[in-house]
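Asker: What follows is a single structure, and I will ask about it in a moment.
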Amino acid sequence: MKELLPVLAEQLDESLTPEMQDTLTENRRYTLTRPLILLGMNTSGRIAGADSIYEALHTYLNDREIDAEIGETGAIGLGSEEPIISIQLPGRTRIFYTNLVADEIPLLLDDIFHQTIPREKLLGQLRNDELDAWQDIPFLDELPFFGKQQRVLLRHNGIINPLSIDEYIANGGYGAFLKAIRMHTFEEICVMVEESGLRGRSGSGYNTGKKWMVAQQTPAEQKYLVCNAEESDPGAFMDRALMEGNPHQLIEGICTAAYAIGASRAFIYIRSEYRDSIRKLNAAIDQARAYGLLGHNIFFSGFNLDIMIRKGPGAFVCGEETALIASMEGKRGMPQSKPPYPAERGFHKKPTVINNVETLSNIPHIVMNGPDWFRSIGTKDCPGTKIFSVSGRARHKGLIEIPMGTSLEFLVDEIIGGASDNRTLKAVHIGGPYGCIIPAGKLNVPVCYETFRREGAVLGAGGILVLDEKTCIVDLVKYFMGFMKHQSCGKCIPCREGTKRMSELLDEITRKPADQDQHDTLEKFRGLIQLEKLADVMRDTSLCGLGQLAPNPLISSLRNFREEFEAHIFDRHCKPNVCRELRTYYIDVELCTGCAICAKRCPEEAIIGTERHPFFIVSDKCTGCGICREVCKFSAVFYN
Amino acid sequence: MIKIEVNKKMISVERGETILSALKNNGIKVPTLCSMSELSPTGACRMCVVEVEGYDNLVPACSFRVEEWMKIRTHSARVLNARKTNVELLLSNHPDDCLYCERNGNCELQKLSEDLNVRNRTIQGQKCNFKLDTSSKGIVRDPAKCILCGRCVRVCEEIVGVAAFDFERRGEQLRIATALSEPLAFSSCIECGMCVISCPTGALIDHTQFQEIDTSLDDPEIIVAIQYTPEVVVSIAEEFGFRPGTELKGILNSALRKIGFDYIFETSCGGDVYVMEQAAELATRLKRSEKIPMITSRCAAWVNYVEAFRPELMSNLVPVRSPHQITGKLIKTWFTSKLKTKKHRIHSVLITNCTAAKQEATRPDYYTDHTQDVDFVLTTREMARLIRLNGIDFQELEPEPADGPFHAVSSAGKLLATCGGEAEATLRTVYREMNKKELQDARLSKLRGHRDVKEVTIPSQKGEIRVAAVSGLKSALSLLDEVVSGKRHYDMIEVMVCKDGCINGGGQPIPPSQPAVKARTRNIYEMDKNESVKSAHKNKAALKIYEELARSPGSDESRELFLASFEHKKVLK
Amino acid sequence: MKQRIEDILQHFQQVNRDSLIPVLQAIQDEYGYLTEEALEEIGAQLNLPASKIYGLATFYNQFTFSPRGKYHIRICNGSACHIDHSESIRKEFKKQLGIGDGETTRDGMVSLEIVACIGACGQSPVIAVNDEYYPKFKSNRVKKLLDEIRSMHQ
Ligand SMILES: Cc1cc2nc3c(=O)[nH]c(=O)nc-3n(C[C@H](O)[C@H](O)[C@H](O)COP(=O)(O)O)c2cc1C
Ligand code: SF4
Ligand code: SF4
Ligand code: SF4
Ligand code: SF4
Ligand code: SF4
Ligand code: SF4
Ligand code: SF4
Ligand code: SF4
Ligand code: FES
Ligand code: FES
Ligand code: FES
């Protein structure tokens, strides 16, 4: 494929010889000589058990001496249904199976190799007009989950082999980069990206082209591009999916962006926990180098570029750009005051553009198809698509790519199918640890930086947590505040002390009060009111986004779920029964046989009594751990 | 110059300066906590926030530069509320120990909460239980009172150059810690006390020996002798609201006597002995051309540094005790025998400008018959407190002389207060020693002034004597690097860890102030001008000591009495 | 160990402050934790005070100064796992082992770490024992899991 690169770059399909055409279709995996089995080997797939499936596949093929290829692919985006495998017989379309366990492999493959398609655990087939489709099997794009998405960046995820540069090139890859360096100047690319209206997908929402322009126009002998792959929002996995499923798309984006700002060195700052992403990015970089796409004088353009991977040693705040730079320079990841902005004075005081993985993955598409095409997707303010990672109590969890401006309601109801297990949807949390919890009734907001800002929420990086009736808002807010107080770098007073105080107060209202008097309750409520004032000051005076936005979940929930807070404070009651310490346990005198098991097991020694007589729980001592209820053989323990 | 609008008035400011400095130059005060004039801003405390039109959030004045179009409000309700809330946050889990706190009345946090009119606890926080770190003899750390402004971290790293501290962990667990969180005494800290005078609160304080001194004073069986350094004489007045530089010597004597100290001595007589010993050492080394450059060892923090970081330099150090340790030794030996009393019945106290002297007093060498030569050490600040405690009013006192036999002093021993003074005093004596005649002009102005590095070359019959005096550890180290690499050559190097020397020591009044340091220095040189005896070797009291006790400077007898030895100290550095 | 650290340092083309984190990562990968010796050696090589290296190392989650257990248990505390009650799993482990977050049992067998999202939110709650993952884990399986670990070492 290496030889084909220059030809493909000219985009003159007529000049392709028949041999070249063959190479292409072969690498596109249209023509096969033997069956192909692809396994989703990304992190989530492996955690779900892909490794044991891999073994089972091997054993099966070896035992029966069947000549078939086992390949690796990334996440197709249905995290709740993993492990997922897809099978393609020569000449036929590819079919997908979900939720597999290793034991089922022999029977499944037996059937398929005999051209019968078991319906159990079948997801669907991949549309491909050049191949024979299977009868009566839905195409993936006919399923609501996939059909109602608009996949641009995720198009190849779970379908191509992320470790193969050939497959990427055969599908049009690196065309944009070669087009950029051969036919456009630095400025033209910056202008093109600015005109496309692409906005930072990390949640910053800042116009990417504008940022590039600043760096491009700041004179310096060295400039840097940094790809921010820290992705440390809990519940966010869009960037990882992009890196594990299609690393070359990102590499191409980085190359093009580096060219646009005139950077000869680029870094990928990635969480060290993302081991699979690191492995794949390393492989992709090596392949790109071998193909002459990285290195010195790339394709005789005079442009040099090297990409290096920096493993972030784990601190949420290092996603913030100045902290990230400090970390790259071997310092504690504490944010610095801006201005100066990194685009003027960043890594080693040189102009440095920092962009998110998803932002950069958009670049090849924009350069290839032009800014007008990009603006035709999404809204006027926010063109393009956005990827969301859905977790929590959703029926389907995973990756969703939709045009900006689609309503949250559509995403929740139509694509992910609402709450799981037929429960009632209570709310949706969006925007990461400083996002907001939006009640089920108010989901009719279009996803877009502007509308969210207007609603007093943030779109964030794209993590969505679906909450059903059995989740407690107070508990969730407490969780996020606890996260923030731990992740704050601690440099500035409002953030360090503010998150700590807020967290303490939330802890207190979800815990059994030391004494039950009214005064205490009122104090707590006053404290809660005080928090709104505190939140204003945190927003006003914190040094970086973390401290400025940290009160968001609490403040928005105080507005939207006030009654739930009040129930916790005044009634000491948690309706979904999440806050265990608020439960009052008691023993039913009628049912208790006096066996004393509960008393022996209670960690707080809160149960007293004489054997063969009913026992009692001293509620002051009880912390609500629930062990007594679990161990009572006579179901005599209850709580309210 | 450009114009910006502040509080609805136009003011002229320098292009490119920070908002904070622009405001300051125009007489507008905004509170600060984390900023330090010598260092670049970190923007950590957010106390200096102001409202700038066009910005969504408040901006920290210390780390924002002025721009032509700016419209600033420094004390709007929004700004005041923000500052106040941030102070309330700091107070929400503060120990509330003001009444018992060393910094009561001189604490920036206390002052802020007073200025911002904080009148009730609106934010409740859980108190944290931290242990005091009392391991170090000079400094006590109370993490509960630490507001994490980072001033100590930056001073120790960027000004002192030791970097004993850094921030540890992050967020709610953020602390100040030494490497591996070792107690201060086992860390690389050299006890210079620069962090103590930089700390805005009571989180870093003197390791005080008040109780012990009180007990000694109270005990009729115990004779308490006290000595004070010249630095104290020119700075203690500041603690009582006098103009910096005011000399209160005679009055200090009567105050000390009122408190109940039995004998009051000036350290500078020991200083003269020290100068003579040092001069003798230099003469010998020059004669034998060995262990050149001779490096001074009077600064206890410097000795700590060499022992921990640069043991290869130990042989270049002068193996002679510091002036106050010489005086301490003399009190415990000579003076005790004069009084015909037992050593353990006499307690010797030192008032000094230096926190490291507290730790120095416990060095194993500095004992006579199992009692420390200097039993207790008080800093200038602590002395002021002791005076106040005893209800003494300076205005009411008449000056009194110090006690013999140490009071007949020359101005040489006083010059030791400044950086360069030690070299100057030593040169006066060594010149006489080597050339058998006095220096023509005793005043070596090249060694005066507030530069970090000062040098002078004195012609002598046996070749020139090249001398450098350097203050500030960082400057000292870079100078020594050049010496080691052969770029520069000196016969003697005076090293003072504190900038401008002991006059600006870690035991001096808080907050440190450059004008005060200048005034104190001026006063010391004034003393030298007015004093008729300008050389150590002319001090009658010192000569008497040699006559009765130690034969001559550099003799075996004097070495036995005044010797200091050094030992490599292993710390995590 | 000193020798090994020098070898690791040799591996880096230019050792300067930029490489401090990679160097610490390499040492941590090799030994599982950082030591006083490492601080000293790196400090000497990079000309950095030990306090700065210590300050840096304690800032980040990845570095630790105490050895991990033979079985290192990571409990996910991402948001998805949290609402699926990872807290009770954590409590159960703590109770069974008698150790807290970031601690190791006295016999050096098991250590606990609470981590942010492990990477399989679709399968929450998730825990990992060394490199083996347990999706959709429940607190009532804790005891059995620990028994298995112990029985492997009888
Ligand atoms: C506390 C904090 C955490 C952040 N974490 C991330 C992150 O994990 N990944 C990311 O890409 N950007 C993160 N950002 C945003 C970056 O600072 C920066 O704006 C972004 O990398 C710019 O990329 P974009 O213009 O492509 O959006 C974070 C910002 C803050 C304030
Ligand atoms: S806002 Fe929080 S995270 Fe940001 S600099 Fe301040 S303390 Fe650090
Ligand atoms: S819930 Fe737990 S603490 Fe309370 S009584 Fe039962 S066992 Fe004891
Ligand atoms: S275990 Fe059940 S039956 Fe037995 S004493 Fe407790 S409550 Fe009564
Ligand atoms: S440090 Fe300041 S505010 Fe704190 S107790 Fe001492 S005097 Fe009071
Ligand atoms: S200032 Fe107030 S609290 Fe303090 S001693 Fe005086 S009256 Fe009491
Ligand atoms: S006393 Fe000096 S060396 Fe020690 S920590 Fe303070 S500033 Fe650093
Ligand atoms: S010890 Fe003092 S100077 Fe150091 S951070 Fe704490 S309050 Fe600031
Ligand atoms: S210069 Fe003076 S005050 Fe400072 S540490 Fe040295 S001896 Fe002490
Ligand atoms: S804290 Fe909430 S439902 Fe309990
Ligand atoms: S003085 Fe400006 S932020 Fe601290
Ligand atoms: S939240 Fe636990 S795996 Fe993501």
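In the structure tokens, each chain is lettered A, B, ... as it comes, each chain's residues begin at 1, and ligands are numbered from 1 in order of appearance.
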Find the residues of chain C that sit at most 7 Å from chain A; for each, write down the nearest two atoms and how far apart they are in Å, to one decimal. Count only C-alpha atoms. Sort by chain, then by number going up, and give it as a Markdown table.
Answerer:
```
| residue | atom | partner | partner_atom | distance |
| --- | --- | --- | --- | --- |
| C:Arg17 | CA | A:Gly330 | CA | 5.3 |
| C:Asp18 | CA | A:Glu329 | CA | 4.6 |
| C:Ser19 | CA | A:Gly330 | CA | 6.6 |
| C:Leu20 | CA | A:Gly330 | CA | 5.4 |
| C:Ile21 | CA | A:Gly330 | CA | 5.8 |
| C:Leu56 | CA | A:Arg332 | CA | 4.9 |
| C:Phe59 | CA | A:Arg332 | CA | 6.2 |
| C:Tyr60 | CA | A:Gly314 | CA | 5.2 |
| C:Asn61 | CA | A:Gly314 | CA | 4.9 |
| C:Gln62 | CA | A:Pro313 | CA | 5.1 |
| C:Gly78 | CA | A:Pro234 | CA | 4.9 |
| C:Ser79 | CA | A:Pro234 | CA | 5.6 |
| C:Ala80 | CA | A:Gly392 | CA | 4.8 |
| C:Ile83 | CA | A:Thr471 | CA | 6.7 |
| C:Ala116 | CA | A:Pro234 | CA | 6.3 |
| C:Cys117 | CA | A:Pro234 | CA | 5.5 |
| C:Gly119 | CA | A:Ser44 | CA | 5.8 |
| C:Ala120 | CA | A:Ser44 | CA | 4.4 |
| C:Cys121 | CA | A:Ser391 | CA | 5.8 |
| C:Gly122 | CA | A:Ser80 | CA | 4.2 |
| C:Gln123 | CA | A:Ser80 | CA | 6.0 |
| C:Tyr133 | CA | A:Ile47 | CA | 5.5 |
| C:Pro135 | CA | A:Ala48 | CA | 6.3 |
```
Asker: Write the selection just made, keeping C-alpha atoms, as a CSV table (one decimal), in the first residue's frame?
Answerer:
```csv
chain,number,residue,atom,x,y,z
C,17,ARG,CA,13.7,17.6,34.0
C,18,ASP,CA,11.4,16.7,31.1
C,19,SER,CA,12.3,13.0,31.6
C,20,LEU,CA,11.6,13.0,35.3
C,21,ILE,CA,8.2,11.5,35.0
C,56,LEU,CA,6.0,15.5,42.3
C,59,PHE,CA,0.9,14.6,43.2
C,60,TYR,CA,0.2,11.8,40.8
C,61,ASN,CA,-1.9,8.7,41.4
C,62,GLN,CA,0.5,6.4,39.7
C,78,GLY,CA,-15.9,5.8,38.2
C,79,SER,CA,-19.4,7.4,38.1
C,80,ALA,CA,-21.0,4.4,36.5
C,83,ILE,CA,-24.1,4.3,41.1
C,116,ALA,CA,-11.1,6.2,38.6
C,117,CYS,CA,-12.9,4.5,35.7
C,119,GLY,CA,-12.6,1.4,31.2
C,120,ALA,CA,-15.6,-0.8,31.0
C,121,CYS,CA,-18.5,1.3,32.2
C,122,GLY,CA,-20.8,-0.8,30.2
C,123,GLN,CA,-20.0,-3.7,32.6
C,133,TYR,CA,-10.9,-8.2,35.5
C,135,PRO,CA,-17.0,-7.2,35.4
```
Asker: Could you pull out the residues sitting within 10 Å of ligand 10, using only C-alpha atoms and all ligand atoms, and write them as a PyMOL selection string?
Answerer: chain A and resi 469-479+506-507+509-511+564-565+567-569+572-583
Asker: Grab the atom CA of Val87 of chain B to atom CA of Val140 of chain B distance for me, in Å with one decimal place.
Answerer: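 Interatomic distance here is 24.2 Å.
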Asker: Could you write out as a count of residues only the residues of chain C within 7 Å of chain B, counting only C-alpha atoms?
Answerer: 9
Asker: As a quick test: using only C-alpha atoms and all ligand atoms, which residues lie no more than 10 Å away from ligand 6? Give them as a ChimeraX atom specification.
Answerer: /B:96-99,104
Asker: Would you list, as a list of chain:residue names, the residues of segment 72-152 of chain C that end up in strand (DSSP E or B) under DSSP run on this structure's backbone?
Answerer: C:His72, C:Ile73, C:Arg74, C:Ile75, C:Cys76, C:Thr104, C:Val110, C:Ser111, C:Leu112, C:Glu113, C:Ile114, C:Val115, C:Ile127, C:Ala128, C:Val129, C:Glu132, C:Tyr133, C:Tyr134
Asker: Within 8 Å of ligand 8, which residues show up when you count only C-alpha atoms and all ligand atoms? List them as an mmCIF file with N, CA, C and O atoms, in the first residue's frame, please.
Answerer:
```
data_model
loop_
_atom_site.group_PDB
_atom_site.id
_atom_site.type_symbol
_atom_site.label_atom_id
_atom_site.label_comp_id
_atom_site.auth_asym_id
_atom_site.auth_seq_id
_atom_site.Cartn_x
_atom_site.Cartn_y
_atom_site.Cartn_z
ATOM 1 N N CYS B 34 -0.138 35.302 48.850
ATOM 2 C CA CYS B 34 0.874 34.401 48.299
ATOM 3 C C CYS B 34 1.982 35.143 47.587
ATOM 4 O O CYS B 34 3.035 34.588 47.336
ATOM 5 N N ARG B 141 7.066 23.485 63.352
ATOM 6 C CA ARG B 141 6.082 23.551 62.276
ATOM 7 C C ARG B 141 4.723 23.125 62.807
ATOM 8 O O ARG B 141 4.595 22.067 63.413
ATOM 9 N N ASP B 142 3.719 23.962 62.564
ATOM 10 C CA ASP B 142 2.371 23.631 63.000
ATOM 11 C C ASP B 142 1.475 23.584 61.764
ATOM 12 O O ASP B 142 0.901 24.587 61.348
ATOM 13 N N PRO B 143 1.359 22.401 61.148
ATOM 14 C CA PRO B 143 0.648 22.319 59.865
ATOM 15 C C PRO B 143 -0.816 22.754 59.966
ATOM 16 O O PRO B 143 -1.396 23.168 58.975
ATOM 17 N N LYS B 145 -1.972 25.356 61.169
ATOM 18 C CA LYS B 145 -2.121 26.786 60.923
ATOM 19 C C LYS B 145 -1.638 27.174 59.534
ATOM 20 O O LYS B 145 -1.668 28.340 59.167
ATOM 21 N N CYS B 146 -1.182 26.195 58.798
ATOM 22 C CA CYS B 146 -0.636 26.479 57.474
ATOM 23 C C CYS B 146 -1.774 26.750 56.497
ATOM 24 O O CYS B 146 -2.726 25.992 56.411
ATOM 25 N N ILE B 147 -1.679 27.825 55.752
ATOM 26 C CA ILE B 147 -2.710 28.139 54.775
ATOM 27 C C ILE B 147 -2.237 27.834 53.359
ATOM 28 O O ILE B 147 -2.867 28.241 52.384
ATOM 29 N N LEU B 148 -1.136 27.128 53.249
ATOM 30 C CA LEU B 148 -0.638 26.607 51.981
ATOM 31 C C LEU B 148 -0.370 27.690 50.936
ATOM 32 O O LEU B 148 -0.586 27.482 49.753
ATOM 33 N N CYS B 149 0.110 28.812 51.415
ATOM 34 C CA CYS B 149 0.402 29.902 50.490
ATOM 35 C C CYS B 149 1.655 29.604 49.678
ATOM 36 O O CYS B 149 1.876 30.207 48.639
ATOM 37 N N GLY B 150 2.489 28.682 50.172
ATOM 38 C CA GLY B 150 3.670 28.287 49.414
ATOM 39 C C GLY B 150 4.841 29.242 49.530
ATOM 40 O O GLY B 150 5.829 29.088 48.826
ATOM 41 N N ARG B 151 4.735 30.242 50.413
ATOM 42 C CA ARG B 151 5.842 31.181 50.515
ATOM 43 C C ARG B 151 7.103 30.497 51.020
ATOM 44 O O ARG B 151 8.205 30.736 50.523
ATOM 45 N N CYS B 152 6.946 29.619 52.003
ATOM 46 C CA CYS B 152 8.121 28.928 52.545
ATOM 47 C C CYS B 152 8.781 28.073 51.469
ATOM 48 O O CYS B 152 10.006 28.024 51.362
ATOM 49 N N VAL B 153 7.941 27.409 50.666
ATOM 50 C CA VAL B 153 8.476 26.542 49.619
ATOM 51 C C VAL B 153 9.331 27.350 48.655
ATOM 52 O O VAL B 153 10.444 26.973 48.301
ATOM 53 N N ILE B 176 2.459 20.899 53.179
ATOM 54 C CA ILE B 176 3.860 21.242 52.966
ATOM 55 C C ILE B 176 4.663 20.122 53.599
ATOM 56 O O ILE B 176 4.379 19.711 54.726
ATOM 57 N N CYS B 195 12.246 30.759 56.009
ATOM 58 C CA CYS B 195 10.841 30.409 55.851
ATOM 59 C C CYS B 195 10.022 30.954 57.013
ATOM 60 O O CYS B 195 8.875 31.343 56.850
ATOM 61 N N VAL B 196 10.633 30.998 58.183
ATOM 62 C CA VAL B 196 9.895 31.467 59.353
ATOM 63 C C VAL B 196 9.523 32.930 59.190
ATOM 64 O O VAL B 196 8.378 33.320 59.425
ATOM 65 N N SER B 198 9.145 34.439 56.483
ATOM 66 C CA SER B 198 8.285 34.646 55.327
ATOM 67 C C SER B 198 6.868 34.156 55.557
ATOM 68 O O SER B 198 5.966 34.488 54.797
ATOM 69 N N CYS B 199 6.678 33.328 56.548
ATOM 70 C CA CYS B 199 5.366 32.712 56.748
ATOM 71 C C CYS B 199 4.366 33.756 57.247
ATOM 72 O O CYS B 199 4.652 34.491 58.189
ATOM 73 N N PRO B 200 3.201 33.815 56.608
ATOM 74 C CA PRO B 200 2.224 34.823 57.032
ATOM 75 C C PRO B 200 1.517 34.469 58.346
ATOM 76 O O PRO B 200 0.907 35.324 58.961
ATOM 77 N N THR B 201 1.577 33.213 58.727
ATOM 78 C CA THR B 201 0.828 32.775 59.907
ATOM 79 C C THR B 201 1.753 32.128 60.934
ATOM 80 O O THR B 201 2.961 32.157 60.797
ATOM 81 N N GLY B 202 1.141 31.504 61.906
ATOM 82 C CA GLY B 202 1.903 30.823 62.939
ATOM 83 C C GLY B 202 2.245 29.384 62.589
ATOM 84 O O GLY B 202 2.428 28.564 63.485
ATOM 85 N N ALA B 203 2.344 29.086 61.302
ATOM 86 C CA ALA B 203 2.623 27.707 60.914
ATOM 87 C C ALA B 203 4.103 27.370 61.030
ATOM 88 O O ALA B 203 4.477 26.205 61.117
ATOM 89 N N LEU B 204 4.944 28.385 60.993
ATOM 90 C CA LEU B 204 6.380 28.172 61.173
ATOM 91 C C LEU B 204 6.838 29.159 62.236
ATOM 92 O O LEU B 204 6.752 30.364 62.038
#
```
Asker: For the structure I just gave you, how does DSSP split segment 389-452 of chain A - specifically, which residues are helix (DSSP H, G or I)? Reply as a VMD selection string.
Answerer: chain A and resid 408 to 415 420 to 422 432 to 434 440 to 442 449 to 452
Asker: With distances taken over only C-alpha atoms and all ligand atoms, which residue among B:His450, B:Lys358, B:Arg381, B:Arg65 lies nearest ligand 11?
Answerer: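 Closest to ligand 11 of all the choices is B:Arg65.
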Asker: Can you pull out every residue within 9 Å of Ile114 of chain C, counting only C-alpha atoms, but drop anything in the same chain fewer than 2 positions away, and send it as a PyMOL selection string?
Answerer: chain C and resi 73-77+90+101-102+112+116
Asker: Generate the output file for the selected residues, C-alpha atoms, as a PDB file, in the first residue's frame.
Answerer:
```pdb
ATOM      1  CA  ILE C  73      -6.912  -5.235  43.855  1.00  0.00           C
ATOM      2  CA  ARG C  74      -8.227  -2.205  42.038  1.00  0.00           C
ATOM      3  CA  ILE C  75     -11.783  -1.155  42.645  1.00  0.00           C
ATOM      4  CA  CYS C  76     -13.329   1.138  40.097  1.00  0.00           C
ATOM      5  CA  ASN C  77     -14.815   4.290  41.507  1.00  0.00           C
ATOM      6  CA  ARG C  90     -15.002  -1.220  48.693  1.00  0.00           C
ATOM      7  CA  ASP C 101      -7.258   2.487  50.364  1.00  0.00           C
ATOM      8  CA  GLY C 102      -3.712   2.345  49.150  1.00  0.00           C
ATOM      9  CA  LEU C 112      -6.222  -2.212  47.699  1.00  0.00           C
ATOM     10  CA  ALA C 116     -11.096   6.214  38.571  1.00  0.00           C
TER      11      ALA C 116
END
```
Asker: Write out as number ranges by chain the residues lying within 6 Å of segment 206-222 of chain A, counting only C-alpha atoms and excluding same-chain residues fewer than 2 positions away.
Answerer: A: 190, 193-194, 198-200, 204, 261, 343-344, 351
